[in-house]
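These notes concern the structure reproduced below.
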Amino acid sequence: MNEENILRERMSKENPFRVPEGYFDDFANQVMAMLPEREQKPVAKRVLLRPWMYAAACLLVAVFCVTVYFSRMTADEPVETPQIAAVSETYMDEAADYAMLDNAEIYACLADN
């Protein structure tokens with residue numbers, strides 16, 4: 001508070017800035033006179049239809065999503081069907097030869113599980 005009092009004593013409460021008399025009386029008209037003239041263009045139909053086009057696009061997306069959702073629910077096949085891979089006999093023989101297993105060892109492994 002002491003610093004504020006010192007500043008108030010040094011600086012008077014009087015505003016040091018002055019505005020000429022009648023400066024703001026005709027200020028708006030002076031600024032408008034300085035602006036360049038610009039030709040007003042008519043509003044295009046495209047601008048008027050833009051909100052309707054946005055609404056139509058949103059509606060189409062919603063209809064598409066609902067259609068896809070319900071078509072997946074009513075499909076004849078379940079959506080997630082586990083696929084069992086068919087393994088050929090030759091593949092099993094090649095795997096057994098690679099692992100150097102004979103039939104007895106394979107049967108022993110299967111019996112343990």
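Simple scheme: letters A, B, ... for chains in structure tokens order, numbers from 1 for residues in each chain, numbers from 1 for ligands in the order shown.
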
**DSSP-assigned helix (DSSP H, G or I) members of chain A, reported as an NGL selection string** = :A and (2-10 or 27-34 or 45-73 or 89-99 or 103-112)

**Prompt:** CA of Glu39 in chain A and CA of Asp26 in chain A, how far apart in Å?
**Reply:**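 CA of Glu39 in chain A lies 24.6 Å from CA of Asp26 in chain A.
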